[in-house]
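First up is the structure itself, then whatever we jot down about it.
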Amino acid sequence: MKLWLGLALCAGPLAAQSARARLEGRVPGAAVPVIDSLVQRASGEGLPTEPLIQKALEGGAKQITAPRIVAAVEVSLGQLRDARDLLVHAGDEPPVTPGEVTTVAWALRRGLPDPVVERVLAALPRPPRASAMHAVADLAAHHFDPDSAADLIIAAIGQGLVRERLLDVSAAAAHELQRGHTHAEALALVRQELPNVAASPKPTRSAVARARRPAAPPPP
Amino acid sequence: MDVTGASDAEVVARVLGGDREAFGLVVRRYEAGLLRFAGRMLGSRDAAADAVAESFVRAYRHLASCREPARLRTWLYRIVANRCKSHLARRPIADVSLDEAPPVADPTDTEVELERAEQLALVQRALVRLSPEKREAFLLKHVEGLSYEEMASVTGERIPTLKMRVHRAREALLRVLEGYE
Amino acid sequence: MNAIDPRVHQALDGELSPEALSPELRRVVQRLVTTAAVLAAQLPLASLEPRVMALIRRPVPSRARRLLRWVATPRSITFRVRPVWSLALAAVVALLTLFPVGREGPNIGEHEGIAQFVGHFPGAQSVHVVGSFNDWRPGSIALEDVDQDGVWRATVVLPAGAYEYMFVVDGERWVPDHLAERLVADEFGRENSIVIVRPARR
């Protein structure tokens, strides 16, 4: 079940066609045709188009100038291509799934070095790998050495932990840091606990009762 | 009839006599302390609200088994303490929750407010590092102001055991707070 | 393990007057008293009375309904179930979640979860969160500061996944989430925060 597909819709021609409709009125007019052609190109290469559309919408919302929005979308397209190349190099048979391209693009954007990403891909031969990637990136964000971070997550995978439970592993290591341990100690402590790392608390009933869905967008 | 000045025993008698609405007075009287206790035990405002609300409902449904209505307060703390223990057994506090996150500096904050909030965050973080038994003992004794006899009713433990827990809690807290300096 | 002088304990237990202590020991007593005083601050929460009384006024559900509600409530189930049974259990849970049993709030789908956004913006008139979960539409998700303490919150149901976002304060100031520990360059010279929404039911 591709839970992480979320916004990364299938990169078919239908998705690409709806790009213009979503961009018009939200992005400076001058940028729309250029971005649309970038989206078409991505679609043609089998890459996800949603990240590009989101980047454009983001630029529009932040009131960025047209040329800079286009530049940002081009950068995003480059990132998607890098991600796809990495997946192919790691052994994923083409066509690589758009969902996995998005996942690896996240990992690269969050600063994980290529070899580390490849190690995680090797440890999880089949998707989904999003949680594993984010878990390693979370550790790197806490200044754990990326290779050691990958070691821990790969060890967790080896002990049968999957998907969101891997995020619990990185959370546990970060928690040990907060309790005053060094990075090395934190990794060792959590490693010892595997596979029985504390699960993150479920949302409380009060939180669930309060939860709302985002307001629907106005009709076009 | 205005019951706001009535004693706990009187209010309990009224509720057991059929005046359901009088239970609201019990809630108003004790919610602040119970919420504070649960909040400090669980490290989360939301979890505390859930725990205390459910405890009140449970207290209402089992009111007839409150053996000494004059000691209603102690009985309520016992229900909440047990609820907190079950909650913590299921999910140990991984971190101070977002509810109690330390404030972000903002130029419009007054110094006093910021400092007070930071102090609380620091102390709450230290408290969370105590074991649940020590945390509970410290909170009941020093924050909720129960006597050792009352604490024995709440926890079911003997007084010498509770004294030892409170002493160890004090030592552990001091150690942690000094470690932050 | 640093034991405290027993006289400090005696003073705090009311068995000894603090005046009988040396200045140094009195300082230790004061430290703990201050710590307790800080913790004695009441939690800024609305009264529970309406919620409790509403629950009390509700008719007590029969045992059967209570059992149904227990099974339908999302929780992490850690007991081991034989594979054959787990299918049956899943079928029962799936069936029950089609018929919400008196729970408040939205029904959360199988691939959805909850994101809680919190920001400290005292003096703000409005705070919104904008990100890839709402097509970066400013104004579609407003945070609230119910008790006017400068802490703004929103709890949102979203499909499980990773999203980028920022806060928008007073409709014009774009700020990353200081409490989020994940940041990523936005390609516009600033940084977005990242939230990972986990399925609520797992």
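Residue numbering restarts at 1 in every chain; chains get A, B, ... in the order shown in the structure tokens, and ligands count up from 1 in that same order.
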I'd like the neighbourhood of Val104 in chain A as a PyMOL selection string, where a residue qualifies if any of its atoms comes within 8 Å (using only C-alpha atoms), though same-chain residues fewer than 5 positions away should be ignored. chain A and resi 83-84+87+117+130+133
Give me, as a PyMOL selection string, the contact residues of chain C against chain B at a cut-off of 10 Å, counting only C-alpha atoms. chain C and resi 1-6+8-10+12-13+28-29+31-33+35-57+60+76+116-123+150-151+153+178-179
Write out the residues from the selection above, keeping N, CA and C atoms, as a compact mmCIF listing (two decimals), in the first residue's frame.
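Dumped everything to out.txt:
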```
# COMPACT_ATOMS: atom_id res chain seq x y z
N MET C 1 25.80 8.82 44.28
CA MET C 1 24.45 9.29 44.61
C MET C 1 24.55 10.28 45.76
N ASN C 2 24.18 11.53 45.49
CA ASN C 2 24.33 12.54 46.54
C ASN C 2 23.12 12.52 47.45
N ALA C 3 23.29 12.05 48.66
CA ALA C 3 22.19 12.13 49.62
C ALA C 3 22.17 13.54 50.18
N ILE C 4 20.95 14.02 50.47
CA ILE C 4 20.83 15.33 51.10
C ILE C 4 20.96 15.13 52.60
N ASP C 5 21.49 16.13 53.26
CA ASP C 5 21.54 16.10 54.72
C ASP C 5 20.15 15.78 55.28
N PRO C 6 20.05 14.81 56.20
CA PRO C 6 18.73 14.40 56.72
C PRO C 6 17.95 15.56 57.33
N VAL C 8 17.60 18.47 56.15
CA VAL C 8 16.82 19.11 55.09
C VAL C 8 15.50 18.38 54.92
N HIS C 9 15.58 17.06 54.91
CA HIS C 9 14.35 16.26 54.79
C HIS C 9 13.42 16.53 55.96
N GLN C 10 14.01 16.58 57.14
CA GLN C 10 13.17 16.81 58.32
C GLN C 10 12.48 18.18 58.23
N LEU C 12 11.71 19.83 55.52
CA LEU C 12 10.68 19.79 54.48
C LEU C 12 9.50 18.92 54.90
N ASP C 13 9.73 17.98 55.81
CA ASP C 13 8.62 17.16 56.29
C ASP C 13 7.93 17.79 57.48
N VAL C 28 19.30 24.89 50.38
CA VAL C 28 18.83 23.66 49.74
C VAL C 28 17.32 23.54 49.92
N VAL C 29 16.87 23.81 51.15
CA VAL C 29 15.43 23.77 51.41
C VAL C 29 14.71 24.74 50.49
N ARG C 31 15.62 25.93 47.66
CA ARG C 31 15.66 25.49 46.26
C ARG C 31 14.49 24.56 45.95
N LEU C 32 14.26 23.62 46.86
CA LEU C 32 13.17 22.65 46.63
C LEU C 32 11.82 23.32 46.80
N VAL C 33 11.73 24.23 47.74
CA VAL C 33 10.47 24.95 47.92
C VAL C 33 10.13 25.75 46.66
N THR C 35 11.18 25.12 43.63
CA THR C 35 10.84 24.18 42.56
C THR C 35 9.38 23.79 42.67
N ALA C 36 8.94 23.48 43.89
CA ALA C 36 7.54 23.09 44.08
C ALA C 36 6.62 24.26 43.75
N ALA C 37 7.04 25.47 44.13
CA ALA C 37 6.20 26.64 43.86
C ALA C 37 6.02 26.85 42.36
N VAL C 38 7.09 26.62 41.61
CA VAL C 38 7.00 26.76 40.15
C VAL C 38 6.00 25.75 39.59
N LEU C 39 6.04 24.53 40.12
CA LEU C 39 5.15 23.47 39.63
C LEU C 39 3.71 23.70 40.08
N ALA C 40 3.54 24.55 41.11
CA ALA C 40 2.20 24.75 41.63
C ALA C 40 1.37 25.65 40.72
N ALA C 41 1.99 26.24 39.69
CA ALA C 41 1.22 27.07 38.76
C ALA C 41 0.13 26.22 38.14
N GLN C 42 -1.06 26.77 38.03
CA GLN C 42 -2.16 25.99 37.48
C GLN C 42 -2.05 25.90 35.96
N LEU C 43 -2.55 24.84 35.45
CA LEU C 43 -2.52 24.67 34.00
C LEU C 43 -3.58 25.57 33.37
N PRO C 44 -3.18 26.29 32.33
CA PRO C 44 -4.18 27.12 31.66
C PRO C 44 -5.10 26.26 30.78
N LEU C 45 -6.15 25.75 31.39
CA LEU C 45 -7.09 24.90 30.67
C LEU C 45 -8.50 25.36 30.98
N ALA C 46 -9.38 25.22 30.00
CA ALA C 46 -10.78 25.57 30.26
C ALA C 46 -11.38 24.57 31.25
N SER C 47 -12.44 24.98 31.93
CA SER C 47 -13.08 24.11 32.91
C SER C 47 -13.56 22.82 32.25
N LEU C 48 -13.41 21.73 32.98
CA LEU C 48 -13.87 20.43 32.47
C LEU C 48 -15.36 20.22 32.73
N GLU C 49 -15.97 21.16 33.47
CA GLU C 49 -17.34 20.90 33.90
C GLU C 49 -18.29 20.60 32.74
N PRO C 50 -18.28 21.41 31.68
CA PRO C 50 -19.22 21.10 30.60
C PRO C 50 -19.01 19.70 30.03
N ARG C 51 -17.74 19.34 29.85
CA ARG C 51 -17.45 18.03 29.25
C ARG C 51 -17.88 16.89 30.18
N VAL C 52 -17.54 17.02 31.45
CA VAL C 52 -17.87 15.97 32.41
C VAL C 52 -19.39 15.84 32.55
N MET C 53 -20.07 16.97 32.70
CA MET C 53 -21.52 16.91 32.90
C MET C 53 -22.21 16.35 31.66
N ALA C 54 -21.70 16.67 30.48
CA ALA C 54 -22.29 16.12 29.26
C ALA C 54 -22.15 14.60 29.25
N LEU C 55 -20.99 14.11 29.68
CA LEU C 55 -20.77 12.67 29.70
C LEU C 55 -21.66 12.01 30.75
N ILE C 56 -21.84 12.68 31.89
CA ILE C 56 -22.65 12.11 32.95
C ILE C 56 -24.11 12.06 32.53
N ARG C 57 -24.55 13.05 31.78
CA ARG C 57 -25.97 13.09 31.41
C ARG C 57 -26.29 12.07 30.34
N VAL C 60 -25.94 5.54 30.16
CA VAL C 60 -24.82 4.61 30.19
C VAL C 60 -25.01 3.59 29.08
N SER C 76 -2.80 1.16 19.79
CA SER C 76 -1.80 0.23 19.25
C SER C 76 -2.00 -1.12 19.92
N GLN C 116 -0.42 18.17 14.45
CA GLN C 116 -0.68 19.23 15.43
C GLN C 116 0.34 20.33 15.21
N PHE C 117 -0.15 21.49 14.90
CA PHE C 117 0.72 22.65 14.67
C PHE C 117 0.65 23.57 15.87
N VAL C 118 1.81 23.98 16.38
CA VAL C 118 1.87 24.85 17.54
C VAL C 118 2.90 25.94 17.28
N GLY C 119 2.56 27.18 17.60
CA GLY C 119 3.54 28.25 17.43
C GLY C 119 3.35 29.31 18.51
N HIS C 120 4.43 29.93 18.92
CA HIS C 120 4.37 30.96 19.95
C HIS C 120 4.44 32.32 19.30
N PHE C 121 3.33 33.01 19.20
CA PHE C 121 3.27 34.32 18.55
C PHE C 121 2.43 35.27 19.37
N PRO C 122 2.97 35.73 20.50
CA PRO C 122 2.17 36.65 21.31
C PRO C 122 1.97 37.95 20.55
N GLY C 123 0.81 38.53 20.66
CA GLY C 123 0.55 39.78 19.98
C GLY C 123 0.07 39.61 18.55
N GLY C 150 -0.78 33.53 23.80
CA GLY C 150 0.24 33.71 22.77
C GLY C 150 0.63 32.40 22.10
N VAL C 151 0.10 31.29 22.56
CA VAL C 151 0.42 30.01 21.93
C VAL C 151 -0.74 29.63 21.00
N ARG C 153 -2.58 27.19 18.12
CA ARG C 153 -2.60 25.77 17.77
C ARG C 153 -3.63 25.45 16.69
N HIS C 178 9.47 26.94 14.56
CA HIS C 178 10.64 26.81 15.42
C HIS C 178 10.68 25.49 16.17
N LEU C 179 9.51 24.92 16.39
CA LEU C 179 9.47 23.68 17.18
C LEU C 179 9.72 22.43 16.34
```
Could you list, as number ranges by chain, every residue of chain C that has an atom within 7 Å of an atom of chain A, counting only C-alpha atoms? C: 104-106, 111, 132, 134-137, 140-141, 155-157, 159-161, 182, 184, 187, 198
Could the residues in this selection be saved with N, CA and C atoms as a PDB file, in the first residue's frame?
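As written to disk, selection-v1.pdb reads:
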```pdb
ATOM      1  N   GLU C 104     -16.645  11.999  19.222  1.00  0.00           N
ATOM      2  CA  GLU C 104     -16.686  13.357  18.683  1.00  0.00           C
ATOM      3  C   GLU C 104     -15.610  13.521  17.636  1.00  0.00           C
ATOM      4  N   GLY C 105     -15.701  14.572  16.861  1.00  0.00           N
ATOM      5  CA  GLY C 105     -14.617  14.856  15.934  1.00  0.00           C
ATOM      6  C   GLY C 105     -14.773  14.091  14.642  1.00  0.00           C
ATOM      7  N   PRO C 106     -13.859  14.318  13.693  1.00  0.00           N
ATOM      8  CA  PRO C 106     -13.971  13.705  12.368  1.00  0.00           C
ATOM      9  C   PRO C 106     -13.634  12.224  12.441  1.00  0.00           C
ATOM     10  N   HIS C 111      -5.811   5.783   5.869  1.00  0.00           N
ATOM     11  CA  HIS C 111      -4.528   6.332   5.433  1.00  0.00           C
ATOM     12  C   HIS C 111      -4.381   7.780   5.857  1.00  0.00           C
ATOM     13  N   SER C 132       2.317  22.206   1.623  1.00  0.00           N
ATOM     14  CA  SER C 132       1.993  21.342   0.490  1.00  0.00           C
ATOM     15  C   SER C 132       0.770  20.470   0.757  1.00  0.00           C
ATOM     16  N   ASN C 134      -2.108  21.920   1.664  1.00  0.00           N
ATOM     17  CA  ASN C 134      -3.261  22.714   1.234  1.00  0.00           C
ATOM     18  C   ASN C 134      -2.902  23.574   0.037  1.00  0.00           C
ATOM     19  N   ASP C 135      -2.048  22.995  -0.854  1.00  0.00           N
ATOM     20  CA  ASP C 135      -1.666  23.710  -2.077  1.00  0.00           C
ATOM     21  C   ASP C 135      -1.131  25.103  -1.776  1.00  0.00           C
ATOM     22  N   TRP C 136      -0.504  25.266  -0.613  1.00  0.00           N
ATOM     23  CA  TRP C 136       0.075  26.558  -0.239  1.00  0.00           C
ATOM     24  C   TRP C 136      -0.967  27.681  -0.319  1.00  0.00           C
ATOM     25  N   ARG C 137      -2.195  27.384   0.087  1.00  0.00           N
ATOM     26  CA  ARG C 137      -3.211  28.437   0.102  1.00  0.00           C
ATOM     27  C   ARG C 137      -3.203  29.142   1.447  1.00  0.00           C
ATOM     28  N   SER C 140      -6.310  28.904   4.519  1.00  0.00           N
ATOM     29  CA  SER C 140      -7.202  27.745   4.587  1.00  0.00           C
ATOM     30  C   SER C 140      -7.117  26.989   5.905  1.00  0.00           C
ATOM     31  N   ILE C 141      -5.998  27.111   6.625  1.00  0.00           N
ATOM     32  CA  ILE C 141      -5.906  26.474   7.944  1.00  0.00           C
ATOM     33  C   ILE C 141      -5.469  27.523   8.950  1.00  0.00           C
ATOM     34  N   THR C 155      -5.155  21.565  14.950  1.00  0.00           N
ATOM     35  CA  THR C 155      -5.049  20.114  14.816  1.00  0.00           C
ATOM     36  C   THR C 155      -5.780  19.737  13.544  1.00  0.00           C
ATOM     37  N   VAL C 156      -5.080  19.099  12.630  1.00  0.00           N
ATOM     38  CA  VAL C 156      -5.602  18.913  11.276  1.00  0.00           C
ATOM     39  C   VAL C 156      -5.542  17.453  10.859  1.00  0.00           C
ATOM     40  N   VAL C 157      -6.588  16.991  10.206  1.00  0.00           N
ATOM     41  CA  VAL C 157      -6.586  15.643   9.640  1.00  0.00           C
ATOM     42  C   VAL C 157      -5.983  15.720   8.244  1.00  0.00           C
ATOM     43  N   PRO C 159      -3.926  13.312   4.920  1.00  0.00           N
ATOM     44  CA  PRO C 159      -3.446  11.999   4.457  1.00  0.00           C
ATOM     45  C   PRO C 159      -2.032  11.768   4.975  1.00  0.00           C
ATOM     46  N   ALA C 160      -1.725  10.534   5.322  1.00  0.00           N
ATOM     47  CA  ALA C 160      -0.386  10.224   5.825  1.00  0.00           C
ATOM     48  C   ALA C 160       0.654  10.606   4.776  1.00  0.00           C
ATOM     49  N   GLY C 161       1.776  11.138   5.243  1.00  0.00           N
ATOM     50  CA  GLY C 161       2.823  11.511   4.297  1.00  0.00           C
ATOM     51  C   GLY C 161       3.682  12.621   4.852  1.00  0.00           C
ATOM     52  N   ARG C 182      12.760  19.559  11.654  1.00  0.00           N
ATOM     53  CA  ARG C 182      13.136  19.206  10.284  1.00  0.00           C
ATOM     54  C   ARG C 182      13.000  20.456   9.428  1.00  0.00           C
ATOM     55  N   VAL C 184      14.119  22.276   5.509  1.00  0.00           N
ATOM     56  CA  VAL C 184      14.621  22.000   4.167  1.00  0.00           C
ATOM     57  C   VAL C 184      14.610  23.311   3.390  1.00  0.00           C
ATOM     58  N   GLU C 187      14.268  26.721  -1.856  1.00  0.00           N
ATOM     59  CA  GLU C 187      14.723  27.187  -3.180  1.00  0.00           C
ATOM     60  C   GLU C 187      14.367  28.647  -3.436  1.00  0.00           C
ATOM     61  N   ARG C 198       1.687  10.509  10.456  1.00  0.00           N
ATOM     62  CA  ARG C 198       1.646   9.054  10.523  1.00  0.00           C
ATOM     63  C   ARG C 198       0.202   8.606  10.533  1.00  0.00           C
TER      64      ARG C 198
END
```
Quick check, in Å to one decimal: how far apart do CA of Glu115 in chain B and CA of Ser126 in chain C lie?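 Those two atoms sit 25.1 Å apart.
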May I ask which of the residues B:Ser131, B:Arg73, B:Ser65, B:Ala47 is the closest one to chain A, counting only C-alpha atoms? B:Ala47
Separating CA of Thr182 in chain A from CA of His143 in chain A, to the nearest tenth of an Å, is a gap of 10.8 Å
Near Glu149 in chain B, within 12 Å and counting only C-alpha atoms, which residues show up once chain neighbours fewer than 6 positions away are dropped, as a ChimeraX atom specification? /B:71,74,140-141,155-163
